$ cat coords_26.txt   # compact mmCIF, C-alpha atoms
# COMPACT_ATOMS: atom_id res chain seq x y z
CA ILE F 1 7.23 25.85 -57.63
CA TYR F 2 7.17 22.10 -58.31
CA LEU F 3 10.65 21.64 -56.81
CA PHE F 4 9.66 23.77 -53.82
CA SER F 5 6.56 21.63 -53.17
CA ILE F 6 8.71 18.45 -53.37
CA LEU F 7 11.20 19.97 -50.92
CA MET F 8 8.44 20.94 -48.49
CA LYS F 9 6.94 17.44 -48.59
CA PHE F 10 10.39 15.99 -47.93
CA LEU F 11 11.04 18.34 -45.01
CA THR F 12 7.55 17.82 -43.60
CA SER F 13 7.89 14.05 -43.69
CA ARG F 14 11.33 14.34 -42.04
CA TYR F 15 9.88 16.61 -39.37
CA ILE F 16 6.99 14.25 -38.67
CA LEU F 17 9.37 11.30 -38.48
CA PHE F 18 11.66 13.23 -36.14
CA MET F 19 8.75 14.13 -33.87
CA LEU F 20 7.53 10.54 -33.78
CA LEU F 21 11.02 9.29 -32.92
CA ALA F 22 11.33 11.95 -30.22
CA ILE F 23 7.98 10.92 -28.70
CA VAL F 24 9.01 7.25 -28.71
CA ALA F 25 12.42 8.09 -27.24
CA LEU F 26 10.80 10.11 -24.45
CA GLU F 27 8.39 7.29 -23.67
CA VAL F 28 11.22 4.76 -23.46
CA ALA F 29 13.22 7.11 -21.21
CA PHE F 30 10.29 7.59 -18.83
CA ARG F 31 9.47 3.88 -18.78
CA VAL F 32 13.02 2.88 -17.79
CA GLY F 33 13.15 5.54 -15.08
CA ALA F 34 15.58 7.96 -16.73
CA TYR F 35 13.53 10.94 -15.49
CA GLU F 36 13.31 9.79 -11.88
CA PRO F 37 16.48 11.62 -10.71
CA MET F 38 14.85 14.89 -11.84
CA VAL F 39 11.45 14.34 -10.17
CA SER F 40 10.63 16.83 -7.42
CA PRO F 41 10.82 15.08 -4.03
CA TYR F 42 7.67 16.98 -3.05
CA SER F 43 5.57 15.61 -5.92
CA HIS F 44 3.47 12.46 -5.83
CA SER F 45 5.95 10.63 -8.04
CA GLY F 46 8.83 12.03 -5.99
CA THR F 47 7.55 10.40 -2.80
CA THR F 48 7.53 7.00 -4.49
CA VAL F 49 11.01 7.57 -5.97
CA THR F 50 12.37 8.59 -2.55
CA LEU F 51 10.85 5.48 -0.97
CA LYS F 52 12.54 3.26 -3.57
CA LYS F 53 15.90 4.95 -2.91
CA ALA F 54 15.48 4.52 0.83
CA LEU F 55 14.70 0.81 0.51
CA LYS F 56 17.74 0.32 -1.72
CA LYS F 57 19.98 1.99 0.87
CA PHE F 58 18.41 0.10 3.80
CA GLY F 59 18.75 -3.17 1.93
CA LYS F 60 15.80 -4.70 0.11
CA ASP F 61 16.71 -8.11 1.48
CA LYS F 62 16.52 -6.85 5.08
CA VAL F 63 12.86 -5.81 5.15
CA ASN F 64 10.63 -8.37 6.88
CA VAL F 65 7.43 -6.44 7.58
CA ALA F 66 6.02 -3.24 6.09
CA THR F 67 3.09 -0.94 6.82
CA PHE F 68 1.14 0.39 3.84
CA GLY F 69 -1.35 3.24 4.06
CA ASP F 70 -1.85 6.96 3.42
CA SER F 71 -0.79 9.98 5.51
CA ARG F 72 -2.97 8.85 8.42
CA ALA F 73 -0.72 5.80 8.82
CA ALA F 74 2.47 7.63 7.86
CA GLN F 75 1.95 10.40 10.43
CA GLY F 76 -0.46 8.76 12.86
CA LEU F 77 1.80 5.93 14.03
CA ASP F 78 5.10 6.12 15.91
CA ASN F 79 7.08 4.36 13.20
CA VAL F 80 10.36 4.53 15.12
CA ALA F 81 8.78 2.80 18.13
CA ILE F 82 7.29 0.13 15.86
CA TYR F 83 10.63 -0.49 14.18
CA LYS F 84 12.47 -0.77 17.51
CA ALA F 85 9.82 -3.11 18.93
CA SER F 86 10.04 -5.36 15.85
CA ARG F 87 13.80 -5.73 16.34
CA GLU F 88 13.09 -7.55 19.62
CA PHE F 89 11.47 -10.24 17.47
CA GLY F 90 14.45 -10.33 15.11
CA LEU F 91 12.44 -8.53 12.42
CA ALA F 92 12.67 -5.20 10.60
CA HIS F 93 9.24 -3.57 10.33
CA LEU F 94 9.38 -0.45 8.17
CA LYS F 95 6.93 2.28 7.22
CA MET F 96 6.04 2.25 3.53
CA SER F 97 2.93 4.38 3.95
CA MET F 98 2.83 7.46 1.72
CA PRO F 99 0.54 10.51 1.77
CA GLY F 100 -2.19 10.22 -0.85
CA SER F 101 -2.07 6.43 -1.08
CA HIS F 102 -5.45 5.02 -2.00
CA PHE F 103 -6.54 1.65 -3.39
CA LEU F 104 -4.56 1.90 -6.65
CA THR F 105 -1.34 2.90 -4.87
CA LEU F 106 -1.76 0.26 -2.16
CA ARG F 107 -2.25 -2.47 -4.74
CA ALA F 108 0.69 -1.37 -6.90
CA LEU F 109 3.09 -0.79 -4.00
CA THR F 110 2.33 -4.09 -2.26
CA SER F 111 2.74 -5.91 -5.59
CA TRP F 112 6.08 -4.18 -6.18
CA SER F 113 7.19 -5.03 -2.65
CA LEU F 114 6.40 -8.70 -3.07
CA ASP F 115 8.58 -8.70 -6.20
CA GLU F 116 11.45 -6.58 -4.85
CA LEU F 117 11.70 -7.34 -1.11
CA SER F 118 12.90 -10.94 -1.02
CA GLU F 119 12.58 -11.37 2.77
CA LEU F 120 9.16 -9.74 3.16
CA ARG F 121 7.06 -11.97 5.42
CA GLY F 122 4.30 -9.70 6.62
CA ILE F 123 2.19 -6.82 5.33
CA VAL F 124 0.18 -4.42 7.49
CA VAL F 125 -2.47 -2.46 5.58
CA ALA F 126 -3.40 0.49 7.81
CA VAL F 127 -6.32 2.54 6.48
CA SER F 128 -9.13 4.69 7.84
CA PRO F 129 -12.82 4.62 6.80
CA ALA F 130 -11.95 7.31 4.22
CA ASN F 131 -10.06 4.74 2.15
CA PHE F 132 -13.26 2.75 1.69
CA ASN F 133 -15.20 5.66 0.22
CA ASP F 134 -14.43 4.88 -3.41
CA ILE F 135 -12.30 2.66 -5.63
CA GLY F 136 -10.32 5.67 -6.87
CA ASN F 137 -9.18 8.94 -5.42
CA GLY F 138 -8.12 11.08 -8.38
CA ALA F 139 -5.65 11.26 -11.27
CA TYR F 140 -2.77 12.19 -8.94
CA GLU F 141 -2.55 8.49 -8.01
CA LEU F 142 -1.30 7.69 -11.50
CA ALA F 143 1.81 9.74 -10.77
CA LYS F 144 2.34 7.78 -7.56
CA VAL F 145 2.31 4.38 -9.26
CA LEU F 146 4.28 5.23 -12.42
CA PRO F 147 7.70 4.78 -10.72
CA LEU F 148 6.54 1.26 -9.81
CA ARG F 149 6.91 0.16 -13.42
CA ASN F 150 4.96 -2.82 -14.79
CA GLU F 151 3.03 -3.38 -11.53
CA THR F 152 -0.27 -1.96 -12.78
CA SER F 153 -1.89 -2.56 -16.16
CA ALA F 154 -3.55 0.20 -18.17
CA LYS F 155 -6.90 -1.55 -17.68
CA GLU F 156 -6.50 -1.51 -13.90
CA MET F 157 -5.40 2.13 -13.90
CA TYR F 158 -8.53 3.14 -15.79
CA LEU F 159 -10.68 1.08 -13.43
CA HIS F 160 -9.52 3.30 -10.56
CA VAL F 161 -8.93 6.53 -12.49
CA PRO F 162 -11.35 6.87 -15.43
CA PHE F 163 -10.03 8.46 -18.63
CA ASP F 164 -10.78 12.16 -19.01
CA SER F 165 -9.85 13.77 -22.33
CA THR F 166 -9.49 17.15 -20.57
CA ASP F 167 -6.99 15.83 -17.99
CA VAL F 168 -3.56 15.10 -19.48
CA ARG F 169 -2.63 12.93 -16.49
CA THR F 170 -5.22 10.30 -17.44
CA TYR F 171 -3.28 9.58 -20.65
CA ALA F 172 -0.53 8.10 -18.47
CA PRO F 173 -1.52 4.42 -18.79
CA PHE F 174 -0.58 4.61 -22.49
CA TYR F 175 1.95 7.45 -22.50
CA THR F 176 4.02 7.55 -19.31
CA ALA F 177 5.23 11.12 -19.75
CA ALA F 178 1.64 12.33 -19.36
CA GLY F 179 1.65 11.11 -15.77
CA TYR F 180 4.61 13.35 -15.02
CA SER F 181 3.05 16.36 -16.81
CA GLU F 182 2.63 18.51 -13.70
CA ASP F 183 6.16 17.77 -12.52
CA ILE F 184 7.59 18.55 -15.98
CA LYS F 185 5.72 21.88 -16.09
CA ASP F 186 7.12 22.78 -12.69
CA LEU F 187 10.64 21.85 -13.83
CA LEU F 188 10.44 23.91 -17.04
CA LYS F 189 8.97 26.87 -15.15
CA ASP F 190 12.02 27.20 -12.87
CA PRO F 191 14.86 24.75 -13.61
CA ASN F 192 17.24 26.43 -11.14
CA SER F 193 14.78 26.06 -8.27
CA ARG F 194 14.34 22.37 -9.12
CA LEU F 195 18.11 21.81 -9.12
CA GLU F 196 18.38 23.48 -5.72
CA THR F 197 15.55 21.32 -4.39
CA LEU F 198 17.19 18.16 -5.72
CA GLY F 199 20.50 19.23 -4.17
CA ARG F 200 18.87 19.56 -0.76
CA ARG F 201 17.17 16.20 -1.17
CA ASN F 202 20.42 14.49 -2.12
CA ARG F 203 22.07 15.87 1.02
CA ARG F 204 19.35 14.38 3.21
CA ASP F 205 19.36 10.75 4.26
CA PRO F 206 16.66 8.99 2.19
CA LEU F 207 16.12 6.60 5.11
CA ASN F 208 14.17 9.37 6.86
CA ILE F 209 11.09 8.42 4.86
CA LEU F 210 11.14 4.94 6.41
CA TYR F 211 11.16 6.21 9.99
CA TYR F 212 9.37 9.55 9.80
CA THR F 213 7.33 10.26 12.90
CA GLY F 214 5.97 13.75 13.43
CA SER F 215 5.99 15.20 16.94
CA GLU F 216 3.44 18.01 16.68
CA GLU F 217 1.53 18.65 19.91
CA THR F 218 -0.94 21.26 18.61
CA ASP F 219 -4.58 20.22 19.09
CA LEU F 220 -8.04 21.34 17.91
CA CYS F 221 -9.44 22.41 21.26
CA ALA F 222 -9.08 26.16 20.68
CA ALA F 223 -12.61 26.30 19.24
CA SER F 224 -15.57 23.99 19.74
CA THR F 225 -16.99 22.05 16.79
CA HIS F 226 -20.21 21.38 18.72
CA ASP F 227 -21.50 24.74 17.46
CA PRO F 228 -20.11 24.82 13.89
CA ALA F 229 -21.49 28.25 12.98
CA LYS F 230 -20.00 29.88 16.08
CA CYS F 231 -16.73 28.03 15.48
CA LEU F 232 -16.46 29.47 11.97
CA GLU F 233 -17.11 32.96 13.31
CA GLU F 234 -14.32 32.59 15.87
CA LEU F 235 -11.91 31.36 13.21
CA GLN F 236 -12.56 34.48 11.12
CA GLN F 237 -11.37 36.79 13.88
CA PRO F 238 -8.16 38.53 12.71
CA ASP F 239 -6.59 38.44 16.20
CA SER F 240 -6.98 34.67 16.58
CA GLU F 241 -3.85 32.95 17.92
CA ILE F 242 -4.84 29.49 16.69
CA PRO F 243 -1.97 27.91 14.67
CA GLN F 244 -2.67 27.87 10.95
CA ARG F 245 -2.80 24.09 10.59
CA ALA F 246 -5.24 23.76 13.48
CA ARG F 247 -7.25 26.69 12.12
CA ASN F 248 -7.55 25.00 8.72
CA GLY F 249 -8.53 21.72 10.36
CA LEU F 250 -11.21 23.31 12.52
CA LYS F 251 -12.58 25.27 9.57
CA TYR F 252 -12.92 22.12 7.49
CA LEU F 253 -14.54 20.11 10.31
CA CYS F 254 -17.05 22.87 11.05
CA GLU F 255 -17.95 23.21 7.37
CA VAL F 256 -18.50 19.46 7.14
CA ALA F 257 -20.53 19.49 10.37
CA LEU F 258 -23.00 21.93 8.75
CA ARG F 259 -23.73 19.54 5.89
CA ASP F 260 -26.84 17.39 5.78
CA LYS F 261 -26.26 13.78 6.69
CA SER F 262 -26.46 11.50 3.65
CA ASP F 263 -29.37 9.05 3.64
CA ALA F 264 -28.24 7.16 0.54
CA VAL F 265 -28.71 3.39 0.74
CA PRO F 266 -25.65 1.26 -0.15
CA GLY F 267 -26.19 -0.79 -3.28
CA GLN F 268 -24.38 -2.73 -6.01
CA ALA F 269 -21.54 -0.22 -6.34
CA GLU F 270 -20.70 -0.68 -2.66
CA GLN F 271 -20.82 -4.46 -3.03
CA ALA F 272 -18.33 -4.28 -5.90
CA LEU F 273 -16.05 -2.14 -3.75
CA ILE F 274 -16.27 -4.63 -0.88
CA ASP F 275 -15.37 -7.47 -3.27
CA GLU F 276 -12.37 -5.49 -4.57
CA TRP F 277 -10.98 -4.99 -1.08
CA VAL F 278 -11.55 -8.57 0.04
CA LEU F 279 -10.02 -10.04 -3.11
CA PHE F 280 -7.02 -7.71 -2.83
CA LEU F 281 -6.32 -8.64 0.81
CA GLU F 282 -6.93 -12.34 0.27
CA ALA F 283 -4.54 -12.34 -2.68
CA LEU F 284 -1.87 -10.80 -0.45
CA SER F 285 -2.53 -13.36 2.28
CA SER F 286 -1.81 -16.18 -0.16
CA LYS F 287 1.80 -14.95 -0.33
CA VAL F 288 2.56 -13.44 3.09
CA GLN F 289 0.93 -12.89 6.48
CA VAL F 290 -1.45 -9.92 6.36
CA MET F 291 -2.93 -7.64 9.01
CA LEU F 292 -5.68 -5.09 8.27
CA VAL F 293 -5.83 -2.13 10.66
CA ILE F 294 -8.78 0.28 10.59
CA LEU F 295 -7.43 3.61 11.82
CA PRO F 296 -9.41 6.34 13.61
CA ASP F 297 -11.01 9.18 11.72
CA HIS F 298 -12.63 12.24 13.25
CA SER F 299 -16.23 11.55 14.28
CA ILE F 300 -17.52 14.50 12.22
CA LEU F 301 -15.98 13.03 9.08
CA GLN F 302 -17.34 9.58 9.89
CA GLU F 303 -20.83 10.94 10.49
CA LYS F 304 -21.19 13.52 7.73
CA LEU F 305 -18.57 12.77 5.08
CA TYR F 306 -18.13 9.00 4.91
CA THR F 307 -21.50 7.68 6.06
CA PRO F 308 -23.17 5.52 4.99
CA ARG F 309 -21.03 4.42 2.01
CA ALA F 310 -17.51 4.21 3.45
CA MET F 311 -18.53 2.95 6.88
CA PHE F 312 -20.76 0.30 5.31
CA VAL F 313 -17.93 -0.88 3.06
CA ALA F 314 -15.37 -0.81 5.88
CA ARG F 315 -17.59 -2.80 8.24
CA SER F 316 -18.51 -5.29 5.52
CA VAL F 317 -14.86 -5.88 4.60
CA VAL F 318 -13.96 -6.39 8.27
CA GLU F 319 -16.88 -8.80 8.82
CA ARG F 320 -16.06 -10.91 5.76
CA LEU F 321 -12.39 -11.16 6.67
CA GLN F 322 -13.18 -12.01 10.29
CA ARG F 323 -15.55 -14.78 9.20
CA LYS F 324 -12.86 -16.34 7.04
CA ALA F 325 -10.24 -15.92 9.80
CA VAL F 326 -7.42 -15.79 7.25
CA ILE F 327 -6.32 -12.22 7.91
CA GLN F 328 -5.77 -10.61 11.30
CA VAL F 329 -8.10 -7.61 11.61
CA VAL F 330 -7.59 -4.83 14.15
CA ASP F 331 -10.46 -2.32 14.20
CA LEU F 332 -9.39 0.89 15.97
CA HIS F 333 -11.65 3.36 14.18
CA ASP F 334 -13.47 4.22 17.44
CA LEU F 335 -10.30 4.42 19.55
CA ILE F 336 -10.27 8.21 19.87
CA VAL F 337 -13.99 8.76 20.53
CA ASP F 338 -13.89 6.09 23.26
CA GLN F 339 -11.39 8.09 25.34
CA GLU F 340 -12.38 10.18 28.37
CA GLU F 341 -10.41 13.14 27.02
CA PRO F 342 -12.15 15.27 24.36
CA GLU F 343 -11.61 14.17 20.79
CA CYS F 344 -10.07 17.53 19.88
CA SER F 345 -7.07 16.87 22.15
CA PHE F 346 -5.80 14.05 19.90
CA TYR F 347 -5.93 15.74 16.49
CA LEU F 348 -3.40 17.99 14.78
CA ASP F 349 -5.80 18.86 11.96
CA SER F 350 -9.00 17.41 10.54
CA ARG F 351 -7.40 14.13 9.50
CA HIS F 352 -4.10 13.64 11.34
CA LEU F 353 -3.29 12.78 14.92
CA ASN F 354 -0.96 14.89 17.03
CA LYS F 355 1.72 13.52 19.37
CA PRO F 356 -0.70 12.33 22.13
CA GLY F 357 -2.97 10.78 19.49
CA LYS F 358 -0.02 9.07 17.83
CA GLN F 359 1.13 7.66 21.17
CA LEU F 360 -2.37 6.41 22.01
CA LEU F 361 -2.81 4.73 18.62
CA THR F 362 0.63 3.11 18.65
CA GLU F 363 0.19 1.74 22.18
CA ALA F 364 -3.21 0.33 21.22
CA LEU F 365 -1.79 -1.36 18.12
CA LEU F 366 1.47 -2.73 19.54
CA PRO F 367 -0.02 -5.84 21.28
CA SER F 368 -1.60 -6.92 17.99
CA LEU F 369 1.65 -6.22 16.13
CA GLN F 370 3.59 -8.31 18.66
CA GLU F 371 1.18 -11.19 18.09
CA PHE F 372 1.61 -10.71 14.34
CA TRP F 373 5.43 -10.60 14.56
CA GLY F 374 5.37 -13.74 16.72
CA ARG F 375 3.76 -15.70 13.90
CA LEU F 376 6.47 -14.53 11.48
CA GLN F 377 9.43 -15.83 13.49

$ encode --input "coords_26.txt" --output "structure tokens"
Amino acid sequence: IYLFSILMKFLTSRYILFMLLAIVALEVAFRVGAYEPMVSPYSHSGTTVTLKKALKKFGKDKVNVATFGDSRAAQGLDNVAIYKASREFGLAHLKMSMPGSHFLTLRALTSWSLDELSELRGIVVAVSPANFNDIGNGAYELAKVLPLRNETSAKEMYLHVPFDSTDVRTYAPFYTAAGYSEDIKDLLKDPNSRLETLGRRNRRDPLNILYYTGSEETDLCAASTHDPAKCLEELQQPDSEIPQRARNGLKYLCEVALRDKSDAVPGQAEQALIDEWVLFLEALSSKVQVMLVILPDHSILQEKLYTPRAMFVARSVVERLQRKAVIQVVDLHDLIVDQEEPECSFYLDSRHLNKPGKQLLTEALLPSLQEFWGRLQ
């Protein structure tokens, strides 16, 4: 019995040591990017990995200007037209906007770009009022910034994504593998499907992510949001021919339209958020030329979802930057509602512009971009 107890202690200590070494080895592997080739291209981390691959293929030393933003910028601007127009100025202006990018991702990705893109001269931050609603947007953002190694400290990550003991992803600032937890679960659930997905991704040109411009012409005019209750009834009809994406967008807008308008008064939290944005943009402007573009958002979202907090922060940031005249500011958030055509004719869903909306926004922005490019020559 004595010998057996000694043997068990020995084996237990060996097992614990082995597990600790395995955990350390996994952490090192994730930190150096060994897992990146296995990341799903459709995950949050996968989008960042694909962007890095595309920039490597394009040539990191050939990028002169880049646009940073979320899906509203990625899908709401004609990125091909912008790239072609920039070539007339002898510059290469690429899209680096990624769906789901919020403050944490924007800060990490612009920091990474300043380190990695040696010829970067200008940065365009294109965001809608939604981006000013809060300093963080959820734990998924940790997965987006992890492939941008060493660009964001654990302290900064927790400032934007508070630690939650029930959410494994929020352990990521100290244990990188935790940030990939959802992707790892998906991989272990069906390895063959992941390999097939990776095979399809590897056959596609990674440069597509730098030029992607959707061409959807569907709009939201099939049902009126002026009477939200009636709109929701129409959407529930089984014989409705409204495309699914438009149906989902209309449903969301009508549900938001039925909410009570917030009467909260902006306070110290909003002031801290304003300071964060201004300091972030001013820090960028000390290294390269910077343009801030405020993109359109649907009027229902501006009125019921983002007011007064986000709109107050957005306007305050714009006013402070305009007073200092260090950063070029282009405010287009009212572009769509100012048109003679109904607002519904420019939207693909509740948040994204369709082809006519994309064309309108790009044409409105191009003169300011040309002025911006002119200063970079």

$ residues_near_point --input "coords_26.txt" --point "(4.3, 8.7, -18.1)" --cutoff "10 Å" --atoms "all atoms listed in the file" --output "PyMOL selection string"
chain F and resi 26-31+33+35+142-143+146-147+169-181

$ write_last_selection --input "coords_26.txt" --atoms "C-alpha atoms" --output "PDB file, in the coordinates of the input"
ATOM      1  CA  LEU F  26      10.800  10.110 -24.450  1.00  0.00           C
ATOM      2  CA  GLU F  27       8.390   7.290 -23.670  1.00  0.00           C
ATOM      3  CA  VAL F  28      11.220   4.760 -23.460  1.00  0.00           C
ATOM      4  CA  ALA F  29      13.220   7.110 -21.210  1.00  0.00           C
ATOM      5  CA  PHE F  30      10.290   7.590 -18.830  1.00  0.00           C
ATOM      6  CA  ARG F  31       9.470   3.880 -18.780  1.00  0.00           C
ATOM      7  CA  GLY F  33      13.150   5.540 -15.080  1.00  0.00           C
ATOM      8  CA  TYR F  35      13.530  10.940 -15.490  1.00  0.00           C
ATOM      9  CA  LEU F 142      -1.300   7.690 -11.500  1.00  0.00           C
ATOM     10  CA  ALA F 143       1.810   9.740 -10.770  1.00  0.00           C
ATOM     11  CA  LEU F 146       4.280   5.230 -12.420  1.00  0.00           C
ATOM     12  CA  PRO F 147       7.700   4.780 -10.720  1.00  0.00           C
ATOM     13  CA  ARG F 169      -2.630  12.930 -16.490  1.00  0.00           C
ATOM     14  CA  THR F 170      -5.220  10.300 -17.440  1.00  0.00           C
ATOM     15  CA  TYR F 171      -3.280   9.580 -20.650  1.00  0.00           C
ATOM     16  CA  ALA F 172      -0.530   8.100 -18.470  1.00  0.00           C
ATOM     17  CA  PRO F 173      -1.520   4.420 -18.790  1.00  0.00           C
ATOM     18  CA  PHE F 174      -0.580   4.610 -22.490  1.00  0.00           C
ATOM     19  CA  TYR F 175       1.950   7.450 -22.500  1.00  0.00           C
ATOM     20  CA  THR F 176       4.020   7.550 -19.310  1.00  0.00           C
ATOM     21  CA  ALA F 177       5.230  11.120 -19.750  1.00  0.00           C
ATOM     22  CA  ALA F 178       1.640  12.330 -19.360  1.00  0.00           C
ATOM     23  CA  GLY F 179       1.650  11.110 -15.770  1.00  0.00           C
ATOM     24  CA  TYR F 180       4.610  13.350 -15.020  1.00  0.00           C
ATOM     25  CA  SER F 181       3.050  16.360 -16.810  1.00  0.00           C
TER      26      SER F 181
END

$ atom_distance --input "coords_26.txt" --atom1 "CA of His333 (chain F)" --atom2 "CA of Pro129 (chain F)"
7.6 Å

$ residues_around --input "coords_26.txt" --residues "Glu241 (chain F)" --least-positions-apart "6" --cutoff "10 Å" --atoms "all atoms listed in the file" --output "JSON, numbers by chain"
{"F": [222, 235, 247]}

$ write_last_selection --input "coords_26.txt" --atoms "C-alpha atoms" --output "PDB file, in the coordinates of the input"
ATOM      1  CA  ALA F 222      -9.080  26.160  20.680  1.00  0.00           C
ATOM      2  CA  LEU F 235     -11.910  31.360  13.210  1.00  0.00           C
ATOM      3  CA  ARG F 247      -7.250  26.690  12.120  1.00  0.00           C
TER       4      ARG F 247
END

$ closest_residue --input "coords_26.txt" --among "F:Tyr347, F:Asp164, F:Ala85, F:Arg149" --to "Pro367 (chain F)" --atoms "all atoms listed in the file"
F:Ala85

$ atom_distance --input "coords_26.txt" --atom1 "CA of Ser316 (chain F)" --atom2 "CA of Thr105 (chain F)"
21.7 Å

$ closest_residue --input "coords_26.txt" --among "F:Lys53, F:Ala34, F:Val39, F:Leu77" --to "Arg194 (chain F)" --atoms "only C-alpha atoms"
F:Val39

$ atom_distance --input "coords_26.txt" --atom1 "CA of Arg87 (chain F)" --atom2 "CA of Asp70 (chain F)"
23.9 Å

$ closest_residue --input "coords_26.txt" --among "F:Tyr212, F:Tyr158, F:Tyr83, F:Phe132" --to "Gln271 (chain F)" --atoms "all atoms listed in the file"
F:Phe132

$ closest_residue --input "coords_26.txt" --among "F:Glu216, F:Glu88, F:Glu156, F:Asp334" --to "Ser299 (chain F)" --atoms "all atoms listed in the file"
F:Asp334

$ closest_atom_pairs --input "coords_26.txt" --of "region 80-163 of chain F" --to "region 284-291 of chain F" --cutoff "7 Å" --atoms "only C-alpha atoms" --output "CSV"
residue,atom,partner,partner_atom,distance
F:Arg121,CA,F:Val288,CA,5.3
F:Gly122,CA,F:Gln289,CA,4.6
F:Ile123,CA,F:Val290,CA,4.9
F:Val124,CA,F:Met291,CA,4.7
F:Val125,CA,F:Met291,CA,6.2

$ write_last_selection --input "coords_26.txt" --atoms "C-alpha atoms" --output "short mmCIF file (atom, residue, chain, number, x, y, z; two decimals), keeping the file's coordinate frame"
data_model
loop_
_atom_site.label_atom_id
_atom_site.label_comp_id
_atom_site.auth_asym_id
_atom_site.auth_seq_id
_atom_site.Cartn_x
_atom_site.Cartn_y
_atom_site.Cartn_z
CA ARG F 121 7.06 -11.97 5.42
CA GLY F 122 4.30 -9.70 6.62
CA ILE F 123 2.19 -6.82 5.33
CA VAL F 124 0.18 -4.42 7.49
CA VAL F 125 -2.47 -2.46 5.58
#

$ closest_residue --input "coords_26.txt" --among "F:Phe68, F:Phe89, F:Tyr252, F:Tyr211" --to "Ala126 (chain F)" --atoms "only C-alpha atoms"
F:Phe68

$ closest_residue --input "coords_26.txt" --among "F:Ser350, F:Gln302, F:Ser43, F:Asn208" --to "Cys254 (chain F)" --atoms "all atoms listed in the file"
F:Ser350

$ residues_near_point --input "coords_26.txt" --point "(-15.7, 28.8, 12.7)" --cutoff "10 Å" --atoms "all atoms listed in the file" --output "list in words"
Ala223, Ser224, Thr225, Asp227, Pro228, Ala229, Lys230, Cys231, Leu232, Glu233, Glu234, Leu235, Gln236, Gln237, Arg247, Asn248, Leu250, Lys251, Tyr252, Leu253, Cys254 and Glu255 of chain F

$ residues_around --input "coords_26.txt" --residues "region 256-262 of chain F" --least-positions-apart "5" --cutoff "8 Å" --atoms "all atoms listed in the file" --output "ChimeraX atom specification"
/F:225,228-229,300-301,303-305,307-308

$ residues_around --input "coords_26.txt" --residues "region 107-111 of chain F" --least-positions-apart "5" --cutoff "7 Å" --atoms "all atoms listed in the file" --output "list in words"
Val145, Glu151 and Thr152 of chain F

$ residues_around --input "coords_26.txt" --residues "Glu319 (chain F)" --least-positions-apart "4" --cutoff "12 Å" --atoms "all atoms listed in the file" --output "ChimeraX atom specification"
/F:274,278,292,312-315,323-331
